[in-house]
Amino acid sequence: MEISDYKGRVKPSWCPGCGNHAVLAALKKSMCELNYQTHETAIVSGIGCSSRFPFFTSTYGFHTIHGRALPVAIGLKQARPEINVIAVGGDGDGLSIGGNHFIHAGRKNPDITYIMMDNEIYALTKGQCSPTSRTGTITKCNPYAWTADRINPVLMALSFNASYVARGYSGDIKQLEYIITEGLKHKGFSFIHIVSPCVQYNKVSSFEKIKEIVRNVPEEHDRKDKLNAMKYAFAPEGLFTGILYQNERPTYEERFNEVIRKAKEISGDNCTMYDIMKQFQ
Amino acid sequence: MKDIKIKITGTSGQGIISSGDILSYATARKGYYVTTYRAFPSEIRGDGKCYYTLRISEHQALTATGETDILVCLDEDTIYECMNAVKPEGIVIYDSNLVKELKQTREDIVIYGIPLADIANEVNSARSRNMAALGIVVELLKNLHLEEQILNDIELRYKLKSKDIIEVNKKALNAGKKYAQEQLTRKDKYEKAQIKSTGAKLIMSGNEAIGLAALAAGCRFFSGYPITPATEIMEWLAKELPKLGGKMIQCEDEIAAINYALGASYGGVKSMTATSGPGFSLMQEAIGLASMAEIPVVIADVQRCGPSTGVPTKTEQSDLFAAMYGTHGDCPKIVLAPMNVSDCFYQTINAFNFAEQYQVPVIILSDASLGPRRECVDLIDFDKLKIVNRKKPDLKEGKEYNRYEDTPSGISPISSPGDKYGEHVITGLEHTEENAPTPAPNVHRQMTEKRFRKLETAAGEFSKAKTYGDDNASIGIISWGSTSGAVFEAIDKAKEANINVQALYPRTLYPLPTDWIKSFVKNKEVIIVIEANYNAQFKSTIVERCTHINKGTEVLEFLKYDGTPFTPEEIYEEIKKVYDLQNSKRDLATNKHTHF
């Protein structure tokens, strides 16, 4: 596969300079590196600027409704475990309206990768506070004062028991490629948080300001050490990027294989509708 | 005797439902037809009352509602509550350990006070009063020869629990039977009661019929969230789907449930979810997505009293508007309404076929009286069922595949992930034939028409509306769904009184088959629309859509919204009222003529 093979029919509609361009480029490179076939790959998104993503690649894609990328992606993966399933979306989509699904994706551990492009704002609706907007952000919807605190998606993923948790930044495309490739390779639910600045509506979290606080997780960090990962995720000073946590455990698909195996122990391998009908006779 | 109606009542936790289930399975397995009705409170244990009615008959009985032959009461309150609905010469059985003296009685029925608690205690199981009572019933109806089958069924039912439970239940049943043999002086007329056995048949609930049909239709993915009274569908499929390699997934909420199903269906696997009112409301946005992105999916709504949490365990047909119009935007979909348990099976097969063929969401409207109700169903020949699969495109290298190609039928061939050269993006945004999002006015108009054109194509495939009664009747009943049993019985009863009535049951409610309705009303003077909701939801739809009715025929409504299903008796009374009214109008018209 060549990187150009992943070019979609639709030209990216993001603003020039938007952080999402880097994420698209990194994902294409990662897919290419792993030799993902376009017909064996599906990218599922919700609603928002970053959720337009599937239109810009040549794989299968499903642009769903606001907040629902994860349930659609997990449903697809359970129905077709052999397909590479990637969910993408923004902070409002995944943490606000779709927040509940994030919790349960973590505990179910489906073998999918979830890339969250966090611009700390609702950009498609032209700039309202999102769950990750920084303290003090004033928008048209809170013109007088700051009213709600921000949440930490990486800390959430760790506490929801996601089996792979990484953080990146749109200004460092090399690291993005690395954490996305590792996330795609990871067996289980991999959550990749990417701080991806909005150049139009968010002056608080601009490329320059994020760049100042970005730090790499130290080389010696033990990826299986969840408490330490939480410390990096929660660090009041600096934005730690890299792979914070990785610890494989049985995936949702593997657990369902066990369900099917046990059911077939009772019914036999060649169970027919007539066998199932017998219970009603 | 053509049929016997038995009603077991008591407080929840007394084993009313399990004894009723055991009795109904045993009767069906003996080759009798049986129809049941279960009503229970939403609390698992507490003061709520449970009622289990079963009607054993030679022919397929249409309802289990109405007057009772044998009433078995395990508590005191239900004796007085249900005694009035016992047939003359019928039987009431109550626990004389619990009730020392009846506060109310009837001269024209036979009442047996039986020390059920003593009998149960004799076998060291105070909780087995229900089985002791069942033993009494077995002996009262000894010519039905149910005992052996019941003992078998106790074993089947509790085999996953423990040997002790099986033994205790069997002992209590025998002790009850022995008491009736040795200590009961029979005064009733049921000693010689016999019902002709009519051979092998199936017995299942409406919910199980939907599950079974889903499997038969090729559904291999179900996602749901527990909700009364639909949970039985997901529980049954959780047990059966993996046997065929499929999956039942319990989700975090109903929004997730339907979106999982859409994801799975996008993956090319036939998918469904099931819910009731509150969950159905939550699913509306995704139903619109299925309609817009053209994803096949089946949604069973087992309706209960609403709005909001409403009365979770009681029945209503008040989600029709939500099913037809619940989603925002112009949203093509198909709504089906099965009439009874057997129809639950066949309409669910239709639901999958329509969903796959027309790439639309299909909603099945069952309800709390139909979902848990057990009825006999004739044996099913799975090899003869017509099963439709979605139309695949012809994919070739270098050939552009357009997911939403505008075709004369409106149906665009559909590829799934894994299909080479079939890559595409689907979306809830308006899109071109080439699946690119666009706000262009001409595209939105063209694609809206394309999506609705599928329904026009589909209209030719819908199962015929069921009619019942005399073609020449001047009184017509139009109704839908689970009311059919009570309505058909009322029509039989009216015929005995020389009143001709004909009923029409469209099984497809949306898109509304106006032709059927128009041709049905042609020779009717008056139409009564019968449905279990306050708003007359189907009636207003008919009147609005079939303008012809407004001018020609008088359209009346007969509505019920107390959570209980219609009985044949109350429908018959309504027919009589309408009949008398029509006669007096006719007289009035004749009189006018003579006077002037």
# chains A, B, ... in the order shown; residues from 1 in each chain; ligands from 1
>>> closest_atom_pairs(of="chain A", to="chain B", cutoff="7 Å", atoms="only C-alpha atoms", output="CSV")
residue,atom,partner,partner_atom,distance
A:Val10,CA,B:Ala436,CA,6.8
A:His39,CA,B:Gly418,CA,5.2
A:Glu40,CA,B:Gly418,CA,4.8
A:Thr41,CA,B:Pro417,CA,7.0
A:Ala42,CA,B:Pro417,CA,6.8
A:Pro54,CA,B:Val425,CA,6.7
A:Phe55,CA,B:Val425,CA,6.3
A:Ser58,CA,B:Glu423,CA,6.8
A:Thr59,CA,B:Glu423,CA,5.7
A:Tyr60,CA,B:Glu423,CA,4.7
A:Gly61,CA,B:Val425,CA,4.2
A:Phe62,CA,B:Ile426,CA,4.9
A:His63,CA,B:Thr427,CA,4.6
A:Thr64,CA,B:Thr427,CA,5.8
A:Ile65,CA,B:Gly428,CA,6.7
A:Arg68,CA,B:Asn259,CA,6.9
A:Pro71,CA,B:Tyr260,CA,5.0
A:Val72,CA,B:Gly263,CA,4.1
A:Ala73,CA,B:Gly263,CA,6.0
A:Ile74,CA,B:Tyr260,CA,6.5
A:Gly75,CA,B:Tyr260,CA,3.9
A:Leu76,CA,B:Ala264,CA,4.2
A:Ala79,CA,B:Ala264,CA,5.0
A:Arg80,CA,B:Gly267,CA,6.1
A:Ile83,CA,B:Gly418,CA,6.9
A:His104,CA,B:Glu252,CA,6.8
A:Val259,CA,B:Pro242,CA,6.7
A:Ile260,CA,B:Pro242,CA,4.6
A:Ala263,CA,B:Lys243,CA,5.2
A:Lys264,CA,B:Lys243,CA,5.1
A:Ser267,CA,B:Lys243,CA,6.0
A:Cys271,CA,B:Leu244,CA,6.6
A:Met273,CA,B:Ala216,CA,6.6
A:Phe280,CA,B:Leu202,CA,5.0
A:Gln281,CA,B:Leu202,CA,4.8
>>> closest_residue(among="A:Ser13, A:Asn228, A:Gln246, A:Asn20", to="Ser196 in chain A", atoms="only C-alpha atoms")
A:Asn20
>>> select_by_dssp(residues="range 119-238 of chain A", states="strand (DSSP E or B)", output="PyMOL selection string")
chain A and resi 122+128+139+142+164-169+190-195+214-216
>>> write_last_selection(atoms="N, CA and C atoms", output="PDB file, in the first residue's frame")
ATOM      1  N   TYR A 122     -16.209  23.591  21.143  1.00  0.00           N
ATOM      2  CA  TYR A 122     -17.121  23.162  20.077  1.00  0.00           C
ATOM      3  C   TYR A 122     -16.857  24.068  18.884  1.00  0.00           C
ATOM      4  N   GLN A 128     -18.237  27.164  21.423  1.00  0.00           N
ATOM      5  CA  GLN A 128     -18.803  27.154  22.777  1.00  0.00           C
ATOM      6  C   GLN A 128     -17.898  26.276  23.648  1.00  0.00           C
ATOM      7  N   THR A 139     -16.855  32.267  26.171  1.00  0.00           N
ATOM      8  CA  THR A 139     -17.409  32.083  24.824  1.00  0.00           C
ATOM      9  C   THR A 139     -18.769  32.782  24.746  1.00  0.00           C
ATOM     10  N   ASN A 142     -20.998  31.474  27.432  1.00  0.00           N
ATOM     11  CA  ASN A 142     -20.739  31.915  28.813  1.00  0.00           C
ATOM     12  C   ASN A 142     -20.019  33.257  28.740  1.00  0.00           C
ATOM     13  N   TYR A 164      -5.075   0.427  26.571  1.00  0.00           N
ATOM     14  CA  TYR A 164      -3.981   1.198  25.960  1.00  0.00           C
ATOM     15  C   TYR A 164      -4.377   2.668  26.029  1.00  0.00           C
ATOM     16  N   VAL A 165      -3.537   3.489  26.640  1.00  0.00           N
ATOM     17  CA  VAL A 165      -3.855   4.911  26.759  1.00  0.00           C
ATOM     18  C   VAL A 165      -2.619   5.722  26.353  1.00  0.00           C
ATOM     19  N   ALA A 166      -2.794   6.583  25.350  1.00  0.00           N
ATOM     20  CA  ALA A 166      -1.676   7.415  24.911  1.00  0.00           C
ATOM     21  C   ALA A 166      -2.159   8.841  24.695  1.00  0.00           C
ATOM     22  N   ARG A 167      -1.192   9.764  24.721  1.00  0.00           N
ATOM     23  CA  ARG A 167      -1.555  11.155  24.443  1.00  0.00           C
ATOM     24  C   ARG A 167      -0.563  11.730  23.445  1.00  0.00           C
ATOM     25  N   GLY A 168      -1.088  12.504  22.520  1.00  0.00           N
ATOM     26  CA  GLY A 168      -0.226  13.151  21.537  1.00  0.00           C
ATOM     27  C   GLY A 168      -0.637  14.605  21.339  1.00  0.00           C
ATOM     28  N   TYR A 169       0.066  15.218  20.412  1.00  0.00           N
ATOM     29  CA  TYR A 169      -0.178  16.652  20.167  1.00  0.00           C
ATOM     30  C   TYR A 169       0.023  16.888  18.675  1.00  0.00           C
ATOM     31  N   SER A 190      -7.855   0.718  22.555  1.00  0.00           N
ATOM     32  CA  SER A 190      -6.788   1.702  22.691  1.00  0.00           C
ATOM     33  C   SER A 190      -7.361   3.099  22.533  1.00  0.00           C
ATOM     34  N   PHE A 191      -7.058   3.909  23.518  1.00  0.00           N
ATOM     35  CA  PHE A 191      -7.541   5.282  23.523  1.00  0.00           C
ATOM     36  C   PHE A 191      -6.362   6.224  23.268  1.00  0.00           C
ATOM     37  N   ILE A 192      -6.504   7.032  22.215  1.00  0.00           N
ATOM     38  CA  ILE A 192      -5.432   7.972  21.875  1.00  0.00           C
ATOM     39  C   ILE A 192      -5.987   9.384  21.939  1.00  0.00           C
ATOM     40  N   HIS A 193      -5.498  10.111  22.917  1.00  0.00           N
ATOM     41  CA  HIS A 193      -5.955  11.480  23.122  1.00  0.00           C
ATOM     42  C   HIS A 193      -4.987  12.413  22.400  1.00  0.00           C
ATOM     43  N   ILE A 194      -5.508  13.189  21.462  1.00  0.00           N
ATOM     44  CA  ILE A 194      -4.629  14.092  20.722  1.00  0.00           C
ATOM     45  C   ILE A 194      -5.076  15.532  20.920  1.00  0.00           C
ATOM     46  N   VAL A 195      -4.211  16.318  21.533  1.00  0.00           N
ATOM     47  CA  VAL A 195      -4.524  17.737  21.685  1.00  0.00           C
ATOM     48  C   VAL A 195      -4.302  18.369  20.316  1.00  0.00           C
ATOM     49  N   VAL A 214       4.090  20.936  26.514  1.00  0.00           N
ATOM     50  CA  VAL A 214       4.236  19.521  26.160  1.00  0.00           C
ATOM     51  C   VAL A 214       5.538  18.941  26.691  1.00  0.00           C
ATOM     52  N   ARG A 215       5.469  17.758  27.328  1.00  0.00           N
ATOM     53  CA  ARG A 215       6.661  17.021  27.760  1.00  0.00           C
ATOM     54  C   ARG A 215       6.461  15.555  27.373  1.00  0.00           C
ATOM     55  N   ASN A 216       7.544  14.875  27.049  1.00  0.00           N
ATOM     56  CA  ASN A 216       7.443  13.441  26.789  1.00  0.00           C
ATOM     57  C   ASN A 216       7.413  12.664  28.093  1.00  0.00           C
TER      58      ASN A 216
END
>>> atom_distance(atom1="CA of Pro312 in chain B", atom2="CA of Gly563 in chain B")
9.6 Å
>>> closest_residue(among="B:Thr11, B:Asn583, B:Thr564, B:Gln284", to="Asp47 in chain B", atoms="only C-alpha atoms")
B:Thr11
>>> atom_distance(atom1="CA of Ile411 in chain B", atom2="CA of Lys386 in chain B")
19.4 Å
>>> closest_residue(among="A:Tyr36, A:Phe56, A:Tyr252, A:Tyr201", to="Pro12 in chain A", atoms="only C-alpha atoms")
A:Phe56
>>> closest_residue(among="B:Arg403, B:Lys333, B:Lys585, B:Arg374", to="Phe452 in chain B", atoms="only C-alpha atoms")
B:Lys333
>>> decode(residues="range 7-121 of chain B", atoms="C-alpha atoms", output="PDB file, in the first residue's frame")
ATOM      1  CA  LYS B   7     -57.309 -18.358  36.471  1.00  0.00           C
ATOM      2  CA  ILE B   8     -54.605 -18.504  39.145  1.00  0.00           C
ATOM      3  CA  THR B   9     -54.272 -15.420  41.312  1.00  0.00           C
ATOM      4  CA  GLY B  10     -52.376 -14.211  44.340  1.00  0.00           C
ATOM      5  CA  THR B  11     -49.697 -11.879  45.561  1.00  0.00           C
ATOM      6  CA  SER B  12     -46.365 -11.618  43.776  1.00  0.00           C
ATOM      7  CA  GLY B  13     -43.817 -14.033  45.178  1.00  0.00           C
ATOM      8  CA  GLN B  14     -46.417 -16.785  45.676  1.00  0.00           C
ATOM      9  CA  GLY B  15     -45.440 -18.610  42.489  1.00  0.00           C
ATOM     10  CA  ILE B  16     -48.486 -17.639  40.447  1.00  0.00           C
ATOM     11  CA  ILE B  17     -46.563 -17.182  37.212  1.00  0.00           C
ATOM     12  CA  SER B  18     -44.471 -20.342  37.551  1.00  0.00           C
ATOM     13  CA  SER B  19     -47.485 -22.554  38.323  1.00  0.00           C
ATOM     14  CA  GLY B  20     -49.359 -20.988  35.387  1.00  0.00           C
ATOM     15  CA  ASP B  21     -46.392 -21.513  33.093  1.00  0.00           C
ATOM     16  CA  ILE B  22     -46.015 -25.135  34.126  1.00  0.00           C
ATOM     17  CA  LEU B  23     -49.714 -25.780  33.591  1.00  0.00           C
ATOM     18  CA  SER B  24     -49.793 -24.091  30.189  1.00  0.00           C
ATOM     19  CA  TYR B  25     -46.712 -25.941  28.900  1.00  0.00           C
ATOM     20  CA  ALA B  26     -48.125 -29.250  30.092  1.00  0.00           C
ATOM     21  CA  THR B  27     -51.483 -28.641  28.389  1.00  0.00           C
ATOM     22  CA  ALA B  28     -49.846 -27.720  25.094  1.00  0.00           C
ATOM     23  CA  ARG B  29     -47.540 -30.715  25.260  1.00  0.00           C
ATOM     24  CA  LYS B  30     -50.595 -32.920  25.812  1.00  0.00           C
ATOM     25  CA  GLY B  31     -51.830 -31.650  22.447  1.00  0.00           C
ATOM     26  CA  TYR B  32     -54.484 -29.174  23.616  1.00  0.00           C
ATOM     27  CA  TYR B  33     -54.549 -25.606  22.405  1.00  0.00           C
ATOM     28  CA  VAL B  34     -53.788 -23.141  25.152  1.00  0.00           C
ATOM     29  CA  THR B  35     -53.854 -19.366  25.268  1.00  0.00           C
ATOM     30  CA  THR B  36     -52.696 -17.409  28.271  1.00  0.00           C
ATOM     31  CA  TYR B  37     -52.735 -13.955  29.753  1.00  0.00           C
ATOM     32  CA  ARG B  38     -50.361 -12.868  32.469  1.00  0.00           C
ATOM     33  CA  ALA B  39     -50.584  -9.724  34.538  1.00  0.00           C
ATOM     34  CA  PHE B  40     -48.189  -8.876  37.306  1.00  0.00           C
ATOM     35  CA  PRO B  41     -46.995  -5.814  39.187  1.00  0.00           C
ATOM     36  CA  SER B  42     -43.622  -4.191  38.600  1.00  0.00           C
ATOM     37  CA  GLU B  43     -42.459  -5.067  42.122  1.00  0.00           C
ATOM     38  CA  ILE B  44     -40.929  -8.537  42.297  1.00  0.00           C
ATOM     39  CA  ARG B  45     -42.261  -9.190  45.802  1.00  0.00           C
ATOM     40  CA  GLY B  46     -44.699  -7.101  47.738  1.00  0.00           C
ATOM     41  CA  ASP B  47     -48.375  -6.332  47.770  1.00  0.00           C
ATOM     42  CA  GLY B  48     -48.853  -6.384  44.004  1.00  0.00           C
ATOM     43  CA  LYS B  49     -51.309  -8.899  42.623  1.00  0.00           C
ATOM     44  CA  CYS B  50     -50.534 -11.485  39.965  1.00  0.00           C
ATOM     45  CA  TYR B  51     -53.038 -13.025  37.628  1.00  0.00           C
ATOM     46  CA  TYR B  52     -52.412 -15.920  35.270  1.00  0.00           C
ATOM     47  CA  THR B  53     -55.259 -16.926  33.011  1.00  0.00           C
ATOM     48  CA  LEU B  54     -55.092 -19.877  30.704  1.00  0.00           C
ATOM     49  CA  ARG B  55     -57.684 -21.179  28.362  1.00  0.00           C
ATOM     50  CA  ILE B  56     -57.448 -24.782  27.252  1.00  0.00           C
ATOM     51  CA  SER B  57     -59.386 -25.587  24.096  1.00  0.00           C
ATOM     52  CA  GLU B  58     -59.972 -27.860  21.139  1.00  0.00           C
ATOM     53  CA  HIS B  59     -59.494 -25.056  18.620  1.00  0.00           C
ATOM     54  CA  GLN B  60     -57.050 -22.179  18.760  1.00  0.00           C
ATOM     55  CA  ALA B  61     -58.728 -19.820  21.240  1.00  0.00           C
ATOM     56  CA  LEU B  62     -58.369 -16.148  20.463  1.00  0.00           C
ATOM     57  CA  THR B  63     -58.177 -14.694  23.964  1.00  0.00           C
ATOM     58  CA  ALA B  64     -57.767 -15.772  27.534  1.00  0.00           C
ATOM     59  CA  THR B  65     -59.765 -12.858  28.877  1.00  0.00           C
ATOM     60  CA  GLY B  66     -63.389 -13.036  30.040  1.00  0.00           C
ATOM     61  CA  GLU B  67     -65.280 -15.400  32.348  1.00  0.00           C
ATOM     62  CA  THR B  68     -63.480 -18.103  34.308  1.00  0.00           C
ATOM     63  CA  ASP B  69     -64.306 -21.782  34.854  1.00  0.00           C
ATOM     64  CA  ILE B  70     -61.870 -22.473  37.652  1.00  0.00           C
ATOM     65  CA  LEU B  71     -60.484 -19.701  39.847  1.00  0.00           C
ATOM     66  CA  VAL B  72     -57.551 -20.598  42.118  1.00  0.00           C
ATOM     67  CA  CYS B  73     -56.724 -17.954  44.729  1.00  0.00           C
ATOM     68  CA  LEU B  74     -53.579 -18.119  46.843  1.00  0.00           C
ATOM     69  CA  ASP B  75     -54.410 -14.948  48.763  1.00  0.00           C
ATOM     70  CA  GLU B  76     -57.627 -13.492  50.152  1.00  0.00           C
ATOM     71  CA  ASP B  77     -58.087 -10.212  48.255  1.00  0.00           C
ATOM     72  CA  THR B  78     -58.177 -11.753  44.804  1.00  0.00           C
ATOM     73  CA  ILE B  79     -60.997 -14.135  45.843  1.00  0.00           C
ATOM     74  CA  TYR B  80     -63.424 -11.238  46.168  1.00  0.00           C
ATOM     75  CA  GLU B  81     -61.903  -9.346  43.285  1.00  0.00           C
ATOM     76  CA  CYS B  82     -62.192 -12.197  40.769  1.00  0.00           C
ATOM     77  CA  MET B  83     -65.167 -14.180  42.066  1.00  0.00           C
ATOM     78  CA  ASN B  84     -67.728 -12.182  40.100  1.00  0.00           C
ATOM     79  CA  ALA B  85     -66.092 -13.155  36.822  1.00  0.00           C
ATOM     80  CA  VAL B  86     -66.538 -16.896  37.467  1.00  0.00           C
ATOM     81  CA  LYS B  87     -69.049 -18.620  35.179  1.00  0.00           C
ATOM     82  CA  PRO B  88     -72.237 -19.944  36.785  1.00  0.00           C
ATOM     83  CA  GLU B  89     -71.467 -23.481  38.020  1.00  0.00           C
ATOM     84  CA  GLY B  90     -67.763 -22.616  37.904  1.00  0.00           C
ATOM     85  CA  ILE B  91     -65.317 -23.347  40.722  1.00  0.00           C
ATOM     86  CA  VAL B  92     -63.424 -21.202  43.219  1.00  0.00           C
ATOM     87  CA  ILE B  93     -60.515 -22.751  45.133  1.00  0.00           C
ATOM     88  CA  TYR B  94     -59.019 -20.872  48.065  1.00  0.00           C
ATOM     89  CA  ASP B  95     -56.668 -21.623  50.954  1.00  0.00           C
ATOM     90  CA  SER B  96     -58.801 -22.394  54.007  1.00  0.00           C
ATOM     91  CA  ASN B  97     -55.751 -22.142  56.250  1.00  0.00           C
ATOM     92  CA  LEU B  98     -55.403 -18.535  55.229  1.00  0.00           C
ATOM     93  CA  VAL B  99     -59.062 -17.559  55.042  1.00  0.00           C
ATOM     94  CA  LYS B 100     -61.158 -18.916  57.874  1.00  0.00           C
ATOM     95  CA  GLU B 101     -64.433 -17.462  56.694  1.00  0.00           C
ATOM     96  CA  LEU B 102     -65.292 -16.003  53.295  1.00  0.00           C
ATOM     97  CA  LYS B 103     -66.562 -12.434  53.514  1.00  0.00           C
ATOM     98  CA  GLN B 104     -68.394 -12.805  50.258  1.00  0.00           C
ATOM     99  CA  THR B 105     -69.849 -15.748  48.394  1.00  0.00           C
ATOM    100  CA  ARG B 106     -72.027 -16.772  45.446  1.00  0.00           C
ATOM    101  CA  GLU B 107     -74.809 -19.320  45.394  1.00  0.00           C
ATOM    102  CA  ASP B 108     -74.469 -20.300  41.740  1.00  0.00           C
ATOM    103  CA  ILE B 109     -70.858 -21.464  41.868  1.00  0.00           C
ATOM    104  CA  VAL B 110     -68.970 -24.217  43.679  1.00  0.00           C
ATOM    105  CA  ILE B 111     -66.493 -23.063  46.311  1.00  0.00           C
ATOM    106  CA  TYR B 112     -63.796 -25.357  47.704  1.00  0.00           C
ATOM    107  CA  GLY B 113     -61.838 -24.235  50.747  1.00  0.00           C
ATOM    108  CA  ILE B 114     -58.672 -26.340  50.702  1.00  0.00           C
ATOM    109  CA  PRO B 115     -56.009 -26.313  53.455  1.00  0.00           C
ATOM    110  CA  LEU B 116     -53.265 -25.560  50.959  1.00  0.00           C
ATOM    111  CA  ALA B 117     -50.769 -24.420  53.616  1.00  0.00           C
ATOM    112  CA  ASP B 118     -51.251 -27.683  55.555  1.00  0.00           C
ATOM    113  CA  ILE B 119     -50.766 -29.721  52.391  1.00  0.00           C
ATOM    114  CA  ALA B 120     -47.601 -27.793  51.522  1.00  0.00           C
ATOM    115  CA  ASN B 121     -46.276 -28.076  55.081  1.00  0.00           C
TER     116      ASN B 121
END
